[in-house]
Structures are given as structure tokens and as C-alpha cells.
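Engineer: Take a look at work.txt, compact mmCIF, N, CA and C atoms:
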# COMPACT_ATOMS: atom_id res chain seq x y z
N MET X 1018 29.04 -3.88 -40.00
CA MET X 1018 28.96 -2.73 -39.14
C MET X 1018 30.37 -2.40 -38.67
N ASN X 1019 30.78 -1.15 -38.80
CA ASN X 1019 32.13 -0.79 -38.38
C ASN X 1019 32.17 -0.45 -36.90
N SER X 1020 33.36 -0.29 -36.37
CA SER X 1020 33.51 -0.06 -34.93
C SER X 1020 32.95 1.29 -34.51
N ARG X 1021 32.96 2.27 -35.41
CA ARG X 1021 32.39 3.58 -35.09
C ARG X 1021 30.87 3.47 -34.91
N SER X 1022 30.20 2.73 -35.80
CA SER X 1022 28.75 2.55 -35.68
C SER X 1022 28.42 1.76 -34.42
N LEU X 1023 29.22 0.74 -34.12
CA LEU X 1023 29.00 -0.07 -32.92
C LEU X 1023 29.14 0.79 -31.67
N GLY X 1024 30.12 1.68 -31.66
CA GLY X 1024 30.30 2.59 -30.53
C GLY X 1024 29.13 3.53 -30.38
N SER X 1025 28.57 4.01 -31.47
CA SER X 1025 27.41 4.91 -31.42
C SER X 1025 26.20 4.19 -30.86
N TYR X 1026 26.00 2.95 -31.29
CA TYR X 1026 24.87 2.16 -30.76
C TYR X 1026 25.05 1.89 -29.27
N ALA X 1027 26.26 1.60 -28.85
CA ALA X 1027 26.51 1.34 -27.44
C ALA X 1027 26.23 2.59 -26.61
N THR X 1028 26.65 3.75 -27.11
CA THR X 1028 26.39 5.01 -26.41
C THR X 1028 24.89 5.27 -26.32
N LEU X 1029 24.17 5.08 -27.42
CA LEU X 1029 22.73 5.29 -27.44
C LEU X 1029 22.04 4.35 -26.45
N LEU X 1030 22.45 3.09 -26.44
CA LEU X 1030 21.86 2.12 -25.52
C LEU X 1030 22.12 2.52 -24.07
N ALA X 1031 23.32 2.98 -23.77
CA ALA X 1031 23.64 3.41 -22.40
C ALA X 1031 22.78 4.60 -21.99
N LEU X 1032 22.57 5.55 -22.89
CA LEU X 1032 21.75 6.71 -22.58
C LEU X 1032 20.29 6.33 -22.35
N LEU X 1033 19.80 5.34 -23.10
CA LEU X 1033 18.43 4.90 -22.94
C LEU X 1033 18.22 4.13 -21.64
N LEU X 1034 19.22 3.38 -21.21
CA LEU X 1034 19.09 2.57 -20.01
C LEU X 1034 19.44 3.32 -18.73
N LEU X 1035 20.13 4.44 -18.83
CA LEU X 1035 20.56 5.18 -17.65
C LEU X 1035 19.41 5.55 -16.72
N PRO X 1036 18.27 6.07 -17.21
CA PRO X 1036 17.19 6.41 -16.27
C PRO X 1036 16.67 5.20 -15.49
N ALA X 1037 16.71 4.03 -16.07
CA ALA X 1037 16.22 2.83 -15.37
C ALA X 1037 17.16 2.40 -14.26
N CYS X 1038 18.41 2.84 -14.31
CA CYS X 1038 19.40 2.43 -13.33
C CYS X 1038 19.53 3.43 -12.19
N THR X 1039 18.96 4.60 -12.30
CA THR X 1039 19.09 5.59 -11.25
C THR X 1039 17.94 5.45 -10.27
N THR X 1040 18.20 5.84 -9.06
CA THR X 1040 17.13 5.84 -8.06
C THR X 1040 16.86 7.27 -7.66
N GLY X 1041 15.64 7.67 -7.80
CA GLY X 1041 15.25 9.01 -7.41
C GLY X 1041 14.63 8.98 -6.04
N ALA X 1042 14.28 10.14 -5.58
CA ALA X 1042 13.60 10.23 -4.30
C ALA X 1042 12.22 9.61 -4.42
N PRO X 1043 11.72 8.98 -3.36
CA PRO X 1043 10.37 8.41 -3.43
C PRO X 1043 9.35 9.51 -3.66
N ALA X 1044 8.23 9.12 -4.21
CA ALA X 1044 7.15 10.08 -4.46
C ALA X 1044 6.71 10.67 -3.12
N PRO X 1045 6.47 11.96 -3.09
CA PRO X 1045 6.08 12.57 -1.82
C PRO X 1045 4.70 12.09 -1.38
N ALA X 1046 4.54 12.03 -0.07
CA ALA X 1046 3.24 11.66 0.48
C ALA X 1046 2.29 12.82 0.27
N GLY X 1047 1.14 12.55 -0.30
CA GLY X 1047 0.16 13.60 -0.54
C GLY X 1047 -0.84 13.73 0.59
N VAL X 1048 -0.99 12.69 1.38
CA VAL X 1048 -1.92 12.69 2.50
C VAL X 1048 -1.21 12.15 3.73
N ASP X 1049 -1.76 12.45 4.87
CA ASP X 1049 -1.25 11.90 6.13
C ASP X 1049 -2.33 10.96 6.68
N VAL X 1050 -1.99 9.69 6.80
CA VAL X 1050 -2.96 8.69 7.26
C VAL X 1050 -2.82 8.40 8.76
N THR X 1051 -2.05 9.21 9.46
CA THR X 1051 -1.87 9.01 10.90
C THR X 1051 -3.23 9.04 11.60
N GLY X 1052 -3.42 8.10 12.52
CA GLY X 1052 -4.64 8.09 13.31
C GLY X 1052 -5.23 6.70 13.44
N THR X 1053 -6.41 6.65 14.02
CA THR X 1053 -7.16 5.40 14.18
C THR X 1053 -8.27 5.39 13.15
N TRP X 1054 -8.29 4.34 12.37
CA TRP X 1054 -9.27 4.16 11.29
C TRP X 1054 -10.10 2.92 11.60
N THR X 1055 -11.41 3.02 11.52
CA THR X 1055 -12.27 1.87 11.74
C THR X 1055 -13.25 1.74 10.59
N GLY X 1056 -13.70 0.51 10.36
CA GLY X 1056 -14.65 0.30 9.30
C GLY X 1056 -14.96 -1.16 9.07
N ASP X 1057 -15.25 -1.46 7.81
CA ASP X 1057 -15.67 -2.80 7.43
C ASP X 1057 -14.79 -3.35 6.32
N TRP X 1058 -14.75 -4.66 6.25
CA TRP X 1058 -14.10 -5.36 5.13
C TRP X 1058 -15.06 -6.46 4.70
N SER X 1059 -14.93 -6.87 3.45
CA SER X 1059 -15.76 -7.98 2.96
C SER X 1059 -15.05 -8.70 1.82
N VAL X 1060 -15.37 -9.98 1.73
CA VAL X 1060 -15.02 -10.81 0.58
C VAL X 1060 -16.36 -11.21 -0.01
N PRO X 1061 -16.70 -10.68 -1.19
CA PRO X 1061 -18.03 -10.93 -1.76
C PRO X 1061 -18.36 -12.43 -1.81
N GLY X 1062 -19.54 -12.76 -1.29
CA GLY X 1062 -20.00 -14.14 -1.29
C GLY X 1062 -19.38 -14.99 -0.20
N ALA X 1063 -18.60 -14.36 0.69
CA ALA X 1063 -17.93 -15.14 1.74
C ALA X 1063 -17.95 -14.34 3.04
N ASP X 1064 -16.79 -14.07 3.60
CA ASP X 1064 -16.66 -13.42 4.90
C ASP X 1064 -16.86 -11.92 4.83
N SER X 1065 -17.12 -11.35 6.01
CA SER X 1065 -17.09 -9.91 6.20
C SER X 1065 -16.91 -9.66 7.69
N GLY X 1066 -16.51 -8.45 8.03
CA GLY X 1066 -16.31 -8.13 9.43
C GLY X 1066 -15.86 -6.71 9.61
N THR X 1067 -15.30 -6.44 10.77
CA THR X 1067 -14.83 -5.10 11.08
C THR X 1067 -13.30 -5.05 11.00
N VAL X 1068 -12.80 -3.84 10.83
CA VAL X 1068 -11.36 -3.64 10.74
C VAL X 1068 -11.01 -2.36 11.49
N GLU X 1069 -9.86 -2.39 12.16
CA GLU X 1069 -9.32 -1.20 12.79
C GLU X 1069 -7.84 -1.11 12.46
N MET X 1070 -7.41 0.06 12.00
CA MET X 1070 -6.00 0.33 11.76
C MET X 1070 -5.57 1.49 12.65
N ARG X 1071 -4.48 1.31 13.34
CA ARG X 1071 -3.86 2.39 14.11
C ARG X 1071 -2.55 2.70 13.42
N LEU X 1072 -2.47 3.88 12.81
CA LEU X 1072 -1.36 4.20 11.91
C LEU X 1072 -0.57 5.40 12.39
N GLN X 1073 0.74 5.35 12.16
CA GLN X 1073 1.64 6.47 12.41
C GLN X 1073 2.46 6.68 11.14
N GLN X 1074 2.40 7.89 10.58
CA GLN X 1074 3.10 8.19 9.33
C GLN X 1074 4.26 9.13 9.60
N ASN X 1075 5.41 8.82 9.02
CA ASN X 1075 6.59 9.67 9.06
C ASN X 1075 7.06 9.85 7.63
N ASP X 1076 6.86 11.06 7.07
CA ASP X 1076 7.04 11.31 5.65
C ASP X 1076 6.12 10.34 4.91
N GLY X 1077 6.63 9.50 4.02
CA GLY X 1077 5.79 8.58 3.29
C GLY X 1077 5.72 7.19 3.88
N LYS X 1078 6.47 6.95 4.98
CA LYS X 1078 6.50 5.62 5.59
C LYS X 1078 5.45 5.51 6.69
N VAL X 1079 4.75 4.37 6.74
CA VAL X 1079 3.69 4.16 7.71
C VAL X 1079 3.95 2.87 8.48
N THR X 1080 3.75 2.93 9.80
CA THR X 1080 3.80 1.74 10.64
C THR X 1080 2.53 1.73 11.49
N GLY X 1081 2.19 0.57 12.02
CA GLY X 1081 1.02 0.52 12.87
C GLY X 1081 0.54 -0.89 13.10
N THR X 1082 -0.75 -0.98 13.46
CA THR X 1082 -1.34 -2.28 13.73
C THR X 1082 -2.67 -2.40 12.98
N LEU X 1083 -3.04 -3.63 12.72
CA LEU X 1083 -4.30 -3.95 12.06
C LEU X 1083 -5.03 -4.95 12.95
N ARG X 1084 -6.31 -4.69 13.19
CA ARG X 1084 -7.15 -5.64 13.92
C ARG X 1084 -8.36 -5.96 13.06
N VAL X 1085 -8.58 -7.25 12.81
CA VAL X 1085 -9.66 -7.72 11.94
C VAL X 1085 -10.54 -8.68 12.72
N THR X 1086 -11.86 -8.56 12.56
CA THR X 1086 -12.77 -9.54 13.12
C THR X 1086 -13.58 -10.14 11.98
N GLY X 1087 -14.04 -11.39 12.16
CA GLY X 1087 -14.95 -12.01 11.21
C GLY X 1087 -14.33 -12.90 10.15
N SER X 1088 -13.03 -13.07 10.14
CA SER X 1088 -12.40 -13.89 9.11
C SER X 1088 -12.41 -15.36 9.49
N ALA X 1089 -13.12 -16.17 8.70
CA ALA X 1089 -13.15 -17.61 8.94
C ALA X 1089 -11.85 -18.28 8.50
N ALA X 1090 -11.06 -17.58 7.69
CA ALA X 1090 -9.81 -18.14 7.17
C ALA X 1090 -8.61 -17.79 8.04
N GLY X 1091 -8.84 -17.48 9.30
CA GLY X 1091 -7.75 -17.12 10.19
C GLY X 1091 -7.67 -15.62 10.39
N ASP X 1092 -7.06 -15.23 11.47
CA ASP X 1092 -7.00 -13.83 11.87
C ASP X 1092 -5.70 -13.20 11.36
N PRO X 1093 -5.79 -12.23 10.44
CA PRO X 1093 -4.58 -11.59 9.95
C PRO X 1093 -4.10 -10.44 10.83
N SER X 1094 -4.74 -10.20 11.96
CA SER X 1094 -4.39 -9.05 12.81
C SER X 1094 -2.92 -9.07 13.19
N GLY X 1095 -2.35 -7.87 13.27
CA GLY X 1095 -0.96 -7.76 13.69
C GLY X 1095 -0.33 -6.47 13.21
N ARG X 1096 0.99 -6.46 13.27
CA ARG X 1096 1.78 -5.29 12.88
C ARG X 1096 1.71 -5.11 11.37
N LEU X 1097 1.62 -3.84 10.92
CA LEU X 1097 1.64 -3.57 9.49
C LEU X 1097 2.69 -2.54 9.16
N GLU X 1098 3.10 -2.55 7.91
CA GLU X 1098 4.05 -1.59 7.37
C GLU X 1098 3.49 -1.10 6.05
N GLY X 1099 3.79 0.15 5.71
CA GLY X 1099 3.28 0.65 4.44
C GLY X 1099 3.95 1.92 4.01
N VAL X 1100 3.49 2.41 2.86
CA VAL X 1100 3.97 3.66 2.30
C VAL X 1100 2.78 4.42 1.73
N VAL X 1101 2.91 5.74 1.73
CA VAL X 1101 1.92 6.60 1.10
C VAL X 1101 2.60 7.32 -0.05
N ALA X 1102 1.98 7.27 -1.21
CA ALA X 1102 2.42 8.02 -2.38
C ALA X 1102 1.19 8.69 -2.97
N GLY X 1103 1.17 10.02 -2.96
CA GLY X 1103 -0.02 10.72 -3.41
C GLY X 1103 -1.13 10.48 -2.42
N THR X 1104 -2.22 9.90 -2.88
CA THR X 1104 -3.36 9.59 -2.00
C THR X 1104 -3.49 8.09 -1.74
N VAL X 1105 -2.53 7.30 -2.20
CA VAL X 1105 -2.61 5.84 -2.08
C VAL X 1105 -1.73 5.34 -0.93
N PHE X 1106 -2.35 4.57 -0.04
CA PHE X 1106 -1.67 3.92 1.07
C PHE X 1106 -1.55 2.44 0.73
N ARG X 1107 -0.31 1.96 0.57
CA ARG X 1107 -0.06 0.55 0.29
C ARG X 1107 0.51 -0.08 1.56
N PHE X 1108 -0.06 -1.23 1.96
CA PHE X 1108 0.40 -1.84 3.19
C PHE X 1108 0.58 -3.34 3.03
N SER X 1109 1.36 -3.89 3.96
CA SER X 1109 1.55 -5.33 4.06
C SER X 1109 1.73 -5.68 5.53
N LEU X 1110 1.53 -6.94 5.84
CA LEU X 1110 1.71 -7.44 7.20
C LEU X 1110 2.87 -8.42 7.17
N PRO X 1111 3.94 -8.14 7.91
CA PRO X 1111 5.09 -9.04 7.89
C PRO X 1111 4.76 -10.48 8.27
N ALA X 1112 3.75 -10.69 9.12
CA ALA X 1112 3.43 -12.04 9.60
C ALA X 1112 2.23 -12.67 8.91
N ASP X 1113 1.74 -12.05 7.82
CA ASP X 1113 0.54 -12.56 7.15
C ASP X 1113 0.62 -12.17 5.67
N PRO X 1114 0.00 -12.95 4.79
CA PRO X 1114 0.07 -12.62 3.36
C PRO X 1114 -0.83 -11.45 2.93
N LEU X 1115 -1.62 -10.86 3.85
CA LEU X 1115 -2.51 -9.77 3.48
C LEU X 1115 -1.72 -8.54 3.05
N THR X 1116 -2.05 -8.02 1.88
CA THR X 1116 -1.52 -6.75 1.38
C THR X 1116 -2.70 -5.91 0.94
N GLY X 1117 -2.51 -4.60 0.84
CA GLY X 1117 -3.63 -3.76 0.43
C GLY X 1117 -3.22 -2.46 -0.21
N ASN X 1118 -4.15 -1.89 -0.94
CA ASN X 1118 -4.02 -0.58 -1.58
C ASN X 1118 -5.28 0.20 -1.28
N LEU X 1119 -5.15 1.23 -0.46
CA LEU X 1119 -6.29 2.04 -0.06
C LEU X 1119 -6.08 3.47 -0.55
N THR X 1120 -7.13 4.10 -1.00
CA THR X 1120 -7.08 5.49 -1.42
C THR X 1120 -7.71 6.34 -0.34
N ALA X 1121 -6.95 7.34 0.13
CA ALA X 1121 -7.42 8.23 1.18
C ALA X 1121 -8.04 9.47 0.56
N ASP X 1122 -9.21 9.84 1.09
CA ASP X 1122 -9.90 11.06 0.68
C ASP X 1122 -10.43 11.71 1.95
N GLY X 1123 -9.64 12.62 2.51
CA GLY X 1123 -10.01 13.22 3.79
C GLY X 1123 -9.98 12.18 4.88
N ASP X 1124 -11.10 11.98 5.54
CA ASP X 1124 -11.19 11.03 6.64
C ASP X 1124 -11.79 9.69 6.22
N VAL X 1125 -11.74 9.38 4.93
CA VAL X 1125 -12.26 8.10 4.42
C VAL X 1125 -11.17 7.42 3.59
N MET X 1126 -11.00 6.12 3.80
CA MET X 1126 -10.11 5.31 2.96
C MET X 1126 -10.91 4.14 2.42
N THR X 1127 -10.80 3.90 1.14
CA THR X 1127 -11.44 2.75 0.50
C THR X 1127 -10.44 2.07 -0.40
N GLY X 1128 -10.64 0.80 -0.62
CA GLY X 1128 -9.77 0.08 -1.53
C GLY X 1128 -9.87 -1.41 -1.35
N THR X 1129 -8.83 -2.08 -1.82
CA THR X 1129 -8.84 -3.54 -1.81
C THR X 1129 -7.60 -4.09 -1.13
N GLY X 1130 -7.75 -5.31 -0.70
CA GLY X 1130 -6.64 -6.07 -0.16
C GLY X 1130 -6.62 -7.44 -0.82
N ASN X 1131 -5.52 -8.13 -0.66
CA ASN X 1131 -5.40 -9.46 -1.22
C ASN X 1131 -4.80 -10.39 -0.17
N ARG X 1132 -5.51 -11.45 0.09
CA ARG X 1132 -5.05 -12.51 1.00
C ARG X 1132 -5.50 -13.84 0.38
N ASN X 1133 -5.03 -14.06 -0.83
CA ASN X 1133 -5.42 -15.18 -1.68
C ASN X 1133 -6.81 -15.01 -2.27
N VAL X 1134 -7.59 -14.07 -1.77
CA VAL X 1134 -8.87 -13.64 -2.34
C VAL X 1134 -8.93 -12.12 -2.18
N LEU X 1135 -9.79 -11.48 -2.95
CA LEU X 1135 -9.90 -10.03 -2.92
C LEU X 1135 -10.77 -9.57 -1.75
N TRP X 1136 -10.24 -8.69 -0.94
CA TRP X 1136 -10.95 -8.07 0.18
C TRP X 1136 -11.29 -6.65 -0.22
N TYR X 1137 -12.46 -6.14 0.20
CA TYR X 1137 -12.84 -4.75 0.00
C TYR X 1137 -12.89 -4.05 1.36
N PHE X 1138 -12.27 -2.88 1.44
CA PHE X 1138 -12.19 -2.13 2.69
C PHE X 1138 -12.87 -0.77 2.55
N THR X 1139 -13.56 -0.35 3.62
CA THR X 1139 -14.05 1.01 3.79
C THR X 1139 -13.76 1.40 5.24
N LEU X 1140 -12.95 2.45 5.41
CA LEU X 1140 -12.58 2.88 6.76
C LEU X 1140 -12.78 4.38 6.92
N ARG X 1141 -13.06 4.80 8.15
CA ARG X 1141 -13.20 6.21 8.49
C ARG X 1141 -12.23 6.52 9.64
N ARG X 1142 -11.57 7.68 9.51
CA ARG X 1142 -10.67 8.11 10.58
C ARG X 1142 -11.51 8.58 11.77
N GLN X 1143 -11.12 8.15 12.96
CA GLN X 1143 -11.81 8.55 14.19
C GLN X 1143 -11.21 9.84 14.70
N ARG X 1144 -12.03 10.82 15.00
CA ARG X 1144 -11.56 12.13 15.50
C ARG X 1144 -11.92 12.30 16.94
Could you write out this structure as C-alpha cells?

Structural biologist:
Amino acid sequence: MNSRSLGSYATLLALLLLPACTTGAPAPAGVDVTGTWTGDWSVPGADSGTVEMRLQQNDGKVTGTLRVTGSAAGDPSGRLEGVVAGTVFRFSLPADPLTGNLTADGDVMTGTGNRNVLWYFTLRRQR
């Protein structure tokens, strides 16, 4: 392979990798999850209980609190952080391993969480 061919391959490789190295703007928030949400959570065949989220959204970033009742494996209640992209609200708790992905549809959010086992959530926004 001559140096001209090597240079062409290097240029092609750089052009292919360039999009992976750039950072674009985050996906716009499609929904606003601000408010108080209450509902139920369950781990099939194990625990279940109630959940309350108090959320404040600024653009796509969300902060707030989570209150959970009924967990025999310890209480994950506390401060939460998250992001909204499209209709999906992804959250985590800095002081607990619980993470979640909820889909918002008007005043209803449903989805799953993970805290070493799969949690199912159904919440309604309180008006």
C-alpha cells in the first residue's frame, strides 16, 4: 500500500469517526413532568406499594423527590434526578441504586425501574 492510499484511508476513517466525537444538543423534552405524581409500584411475586414523585422540570432536566412505601428490601425514598427526552423520563436516585424509565402520556406515567430486581410503576399526575 502506498502512502497516498494510506492517506486516503486515514481521511476516510476520520470522516467516519467525526460524528461519534461531536456532542450535539440534548434531545428536546417532548413532555413536561412537573408536578406531583402518585400511584403504585410492584415487583411481581414479591413486594408492592405506593409511590409519590414530586418533580420540577427545567427544559429536559428534572429534579425532585421520591417517596416509596411497602418495600421490604429497604426504603429507596429520597432525592431524585432525571432527564426527559421525547416522552421518556429517565431517573436515578443519588443515594440509592434505583433507576427508572417512565413513559409519560398526558397525566399518566408508566414504566419500569431497576433496583437489582425489576419494578413496575403506574403513576397519575395530581391536579

Engineer: Do you know which residues are at most 6.5 Å from Asn1118 of chain X counting all atoms listed in the file, after dropping those on the same chain fewer than 4 positions away, and could you put them as an MDAnalysis selection string?

Structural biologist: chainID X and resid 1105:1108 1127:1131

Engineer: Give me the residues within 6.5 Å of segment 1063-1068 of chain X as a list in words, counting only N, CA and C atoms and dropping any in the same chain fewer than 5 places off.

Structural biologist: Trp1054, Thr1055, Gly1056, Asp1057, Trp1058, Arg1084, Val1085, Thr1086, Gly1087, Ser1088 and Ala1089 of chain X

Engineer: Measure the distance from atom CA of Arg1132 of chain X to atom CA of Leu1115 of chain X in Å and round it to one decimal.

Structural biologist: 4.5 Å

Engineer: In Å, how far is it from atom CA of Gly1077 of chain X to atom C of Asp1113 of chain X?

Structural biologist: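 Answer for the atom CA of Gly1077 of chain X to atom C of Asp1113 of chain X separation: 21.5 Å.
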
Engineer: For Thr1053 of chain X, which of X:Thr1082, X:Asn1133, X:Gln1143, X:Asn1075 is the closest residue, counting only N, CA and C atoms?

Structural biologist: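 Under the stated criterion, the closest residue is X:Gln1143.
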
Engineer: As a PyMOL selection string, please: every residue in segment 1038-1099 of chain X that a backbone DSSP assignment puts in strand (DSSP E).

Structural biologist: chain X and resi 1052-1059+1065-1075+1078-1085+1095-1099

Engineer: For the residues in that selection, give me N, CA and C atoms as an mmCIF file, in the frame of the given file.

Structural biologist:
data_model
loop_
_atom_site.group_PDB
_atom_site.id
_atom_site.type_symbol
_atom_site.label_atom_id
_atom_site.label_comp_id
_atom_site.auth_asym_id
_atom_site.auth_seq_id
_atom_site.Cartn_x
_atom_site.Cartn_y
_atom_site.Cartn_z
ATOM 1 N N GLY X 1052 -3.420 8.100 12.520
ATOM 2 C CA GLY X 1052 -4.640 8.090 13.310
ATOM 3 C C GLY X 1052 -5.230 6.700 13.440
ATOM 4 N N THR X 1053 -6.410 6.650 14.020
ATOM 5 C CA THR X 1053 -7.160 5.400 14.180
ATOM 6 C C THR X 1053 -8.270 5.390 13.150
ATOM 7 N N TRP X 1054 -8.290 4.340 12.370
ATOM 8 C CA TRP X 1054 -9.270 4.160 11.290
ATOM 9 C C TRP X 1054 -10.100 2.920 11.600
ATOM 10 N N THR X 1055 -11.410 3.020 11.520
ATOM 11 C CA THR X 1055 -12.270 1.870 11.740
ATOM 12 C C THR X 1055 -13.250 1.740 10.590
ATOM 13 N N GLY X 1056 -13.700 0.510 10.360
ATOM 14 C CA GLY X 1056 -14.650 0.300 9.300
ATOM 15 C C GLY X 1056 -14.960 -1.160 9.070
ATOM 16 N N ASP X 1057 -15.250 -1.460 7.810
ATOM 17 C CA ASP X 1057 -15.670 -2.800 7.430
ATOM 18 C C ASP X 1057 -14.790 -3.350 6.320
ATOM 19 N N TRP X 1058 -14.750 -4.660 6.250
ATOM 20 C CA TRP X 1058 -14.100 -5.360 5.130
ATOM 21 C C TRP X 1058 -15.060 -6.460 4.700
ATOM 22 N N SER X 1059 -14.930 -6.870 3.450
ATOM 23 C CA SER X 1059 -15.760 -7.980 2.960
ATOM 24 C C SER X 1059 -15.050 -8.700 1.820
ATOM 25 N N SER X 1065 -17.120 -11.350 6.010
ATOM 26 C CA SER X 1065 -17.090 -9.910 6.200
ATOM 27 C C SER X 1065 -16.910 -9.660 7.690
ATOM 28 N N GLY X 1066 -16.510 -8.450 8.030
ATOM 29 C CA GLY X 1066 -16.310 -8.130 9.430
ATOM 30 C C GLY X 1066 -15.860 -6.710 9.610
ATOM 31 N N THR X 1067 -15.300 -6.440 10.770
ATOM 32 C CA THR X 1067 -14.830 -5.100 11.080
ATOM 33 C C THR X 1067 -13.300 -5.050 11.000
ATOM 34 N N VAL X 1068 -12.800 -3.840 10.830
ATOM 35 C CA VAL X 1068 -11.360 -3.640 10.740
ATOM 36 C C VAL X 1068 -11.010 -2.360 11.490
ATOM 37 N N GLU X 1069 -9.860 -2.390 12.160
ATOM 38 C CA GLU X 1069 -9.320 -1.200 12.790
ATOM 39 C C GLU X 1069 -7.840 -1.110 12.460
ATOM 40 N N MET X 1070 -7.410 0.060 12.000
ATOM 41 C CA MET X 1070 -6.000 0.330 11.760
ATOM 42 C C MET X 1070 -5.570 1.490 12.650
ATOM 43 N N ARG X 1071 -4.480 1.310 13.340
ATOM 44 C CA ARG X 1071 -3.860 2.390 14.110
ATOM 45 C C ARG X 1071 -2.550 2.700 13.420
ATOM 46 N N LEU X 1072 -2.470 3.880 12.810
ATOM 47 C CA LEU X 1072 -1.360 4.200 11.910
ATOM 48 C C LEU X 1072 -0.570 5.400 12.390
ATOM 49 N N GLN X 1073 0.740 5.350 12.160
ATOM 50 C CA GLN X 1073 1.640 6.470 12.410
ATOM 51 C C GLN X 1073 2.460 6.680 11.140
ATOM 52 N N GLN X 1074 2.400 7.890 10.580
ATOM 53 C CA GLN X 1074 3.100 8.190 9.330
ATOM 54 C C GLN X 1074 4.260 9.130 9.600
ATOM 55 N N ASN X 1075 5.410 8.820 9.020
ATOM 56 C CA ASN X 1075 6.590 9.670 9.060
ATOM 57 C C ASN X 1075 7.060 9.850 7.630
ATOM 58 N N LYS X 1078 6.470 6.950 4.980
ATOM 59 C CA LYS X 1078 6.500 5.620 5.590
ATOM 60 C C LYS X 1078 5.450 5.510 6.690
ATOM 61 N N VAL X 1079 4.750 4.370 6.740
ATOM 62 C CA VAL X 1079 3.690 4.160 7.710
ATOM 63 C C VAL X 1079 3.950 2.870 8.480
ATOM 64 N N THR X 1080 3.750 2.930 9.800
ATOM 65 C CA THR X 1080 3.800 1.740 10.640
ATOM 66 C C THR X 1080 2.530 1.730 11.490
ATOM 67 N N GLY X 1081 2.190 0.570 12.020
ATOM 68 C CA GLY X 1081 1.020 0.520 12.870
ATOM 69 C C GLY X 1081 0.540 -0.890 13.100
ATOM 70 N N THR X 1082 -0.750 -0.980 13.460
ATOM 71 C CA THR X 1082 -1.340 -2.280 13.730
ATOM 72 C C THR X 1082 -2.670 -2.400 12.980
ATOM 73 N N LEU X 1083 -3.040 -3.630 12.720
ATOM 74 C CA LEU X 1083 -4.300 -3.950 12.060
ATOM 75 C C LEU X 1083 -5.030 -4.950 12.950
ATOM 76 N N ARG X 1084 -6.310 -4.690 13.190
ATOM 77 C CA ARG X 1084 -7.150 -5.640 13.920
ATOM 78 C C ARG X 1084 -8.360 -5.960 13.060
ATOM 79 N N VAL X 1085 -8.580 -7.250 12.810
ATOM 80 C CA VAL X 1085 -9.660 -7.720 11.940
ATOM 81 C C VAL X 1085 -10.540 -8.680 12.720
ATOM 82 N N GLY X 1095 -2.350 -7.870 13.270
ATOM 83 C CA GLY X 1095 -0.960 -7.760 13.690
ATOM 84 C C GLY X 1095 -0.330 -6.470 13.210
ATOM 85 N N ARG X 1096 0.990 -6.460 13.270
ATOM 86 C CA ARG X 1096 1.780 -5.290 12.880
ATOM 87 C C ARG X 1096 1.710 -5.110 11.370
ATOM 88 N N LEU X 1097 1.620 -3.840 10.920
ATOM 89 C CA LEU X 1097 1.640 -3.570 9.490
ATOM 90 C C LEU X 1097 2.690 -2.540 9.160
ATOM 91 N N GLU X 1098 3.100 -2.550 7.910
ATOM 92 C CA GLU X 1098 4.050 -1.590 7.370
ATOM 93 C C GLU X 1098 3.490 -1.100 6.050
ATOM 94 N N GLY X 1099 3.790 0.150 5.710
ATOM 95 C CA GLY X 1099 3.280 0.650 4.440
ATOM 96 C C GLY X 1099 3.950 1.920 4.010
#

Engineer: Quick one, how far is atom CA of Val1101 of chain X from atom C of Pro1061 of chain X?

Structural biologist: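 Separation of atom CA of Val1101 of chain X and atom C of Pro1061 of chain X: 28.0 Å.
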
Engineer: Determine, counting only C-alpha atoms, every residue of protein, DNA or RNA that lies within 7 Å of (-12.3, 8.6, 8.7) in the file coordinates, then give the result as a list in words.

Structural biologist: Trp1054, Asp1124, Val1125, Met1126, Leu1140, Arg1141, Arg1142 and Gln1143 of chain X

Engineer: Include N, CA and C atoms and write out the residues we just selected as an mmCIF file, in the frame of the given file.

Structural biologist:
data_model
loop_
_atom_site.group_PDB
_atom_site.id
_atom_site.type_symbol
_atom_site.label_atom_id
_atom_site.label_comp_id
_atom_site.auth_asym_id
_atom_site.auth_seq_id
_atom_site.Cartn_x
_atom_site.Cartn_y
_atom_site.Cartn_z
ATOM 1 N N TRP X 1054 -8.290 4.340 12.370
ATOM 2 C CA TRP X 1054 -9.270 4.160 11.290
ATOM 3 C C TRP X 1054 -10.100 2.920 11.600
ATOM 4 N N ASP X 1124 -11.100 11.980 5.540
ATOM 5 C CA ASP X 1124 -11.190 11.030 6.640
ATOM 6 C C ASP X 1124 -11.790 9.690 6.220
ATOM 7 N N VAL X 1125 -11.740 9.380 4.930
ATOM 8 C CA VAL X 1125 -12.260 8.100 4.420
ATOM 9 C C VAL X 1125 -11.170 7.420 3.590
ATOM 10 N N MET X 1126 -11.000 6.120 3.800
ATOM 11 C CA MET X 1126 -10.110 5.310 2.960
ATOM 12 C C MET X 1126 -10.910 4.140 2.420
ATOM 13 N N LEU X 1140 -12.950 2.450 5.410
ATOM 14 C CA LEU X 1140 -12.580 2.880 6.760
ATOM 15 C C LEU X 1140 -12.780 4.380 6.920
ATOM 16 N N ARG X 1141 -13.060 4.800 8.150
ATOM 17 C CA ARG X 1141 -13.200 6.210 8.490
ATOM 18 C C ARG X 1141 -12.230 6.520 9.640
ATOM 19 N N ARG X 1142 -11.570 7.680 9.510
ATOM 20 C CA ARG X 1142 -10.670 8.110 10.580
ATOM 21 C C ARG X 1142 -11.510 8.580 11.770
ATOM 22 N N GLN X 1143 -11.120 8.150 12.960
ATOM 23 C CA GLN X 1143 -11.810 8.550 14.190
ATOM 24 C C GLN X 1143 -11.210 9.840 14.700
#
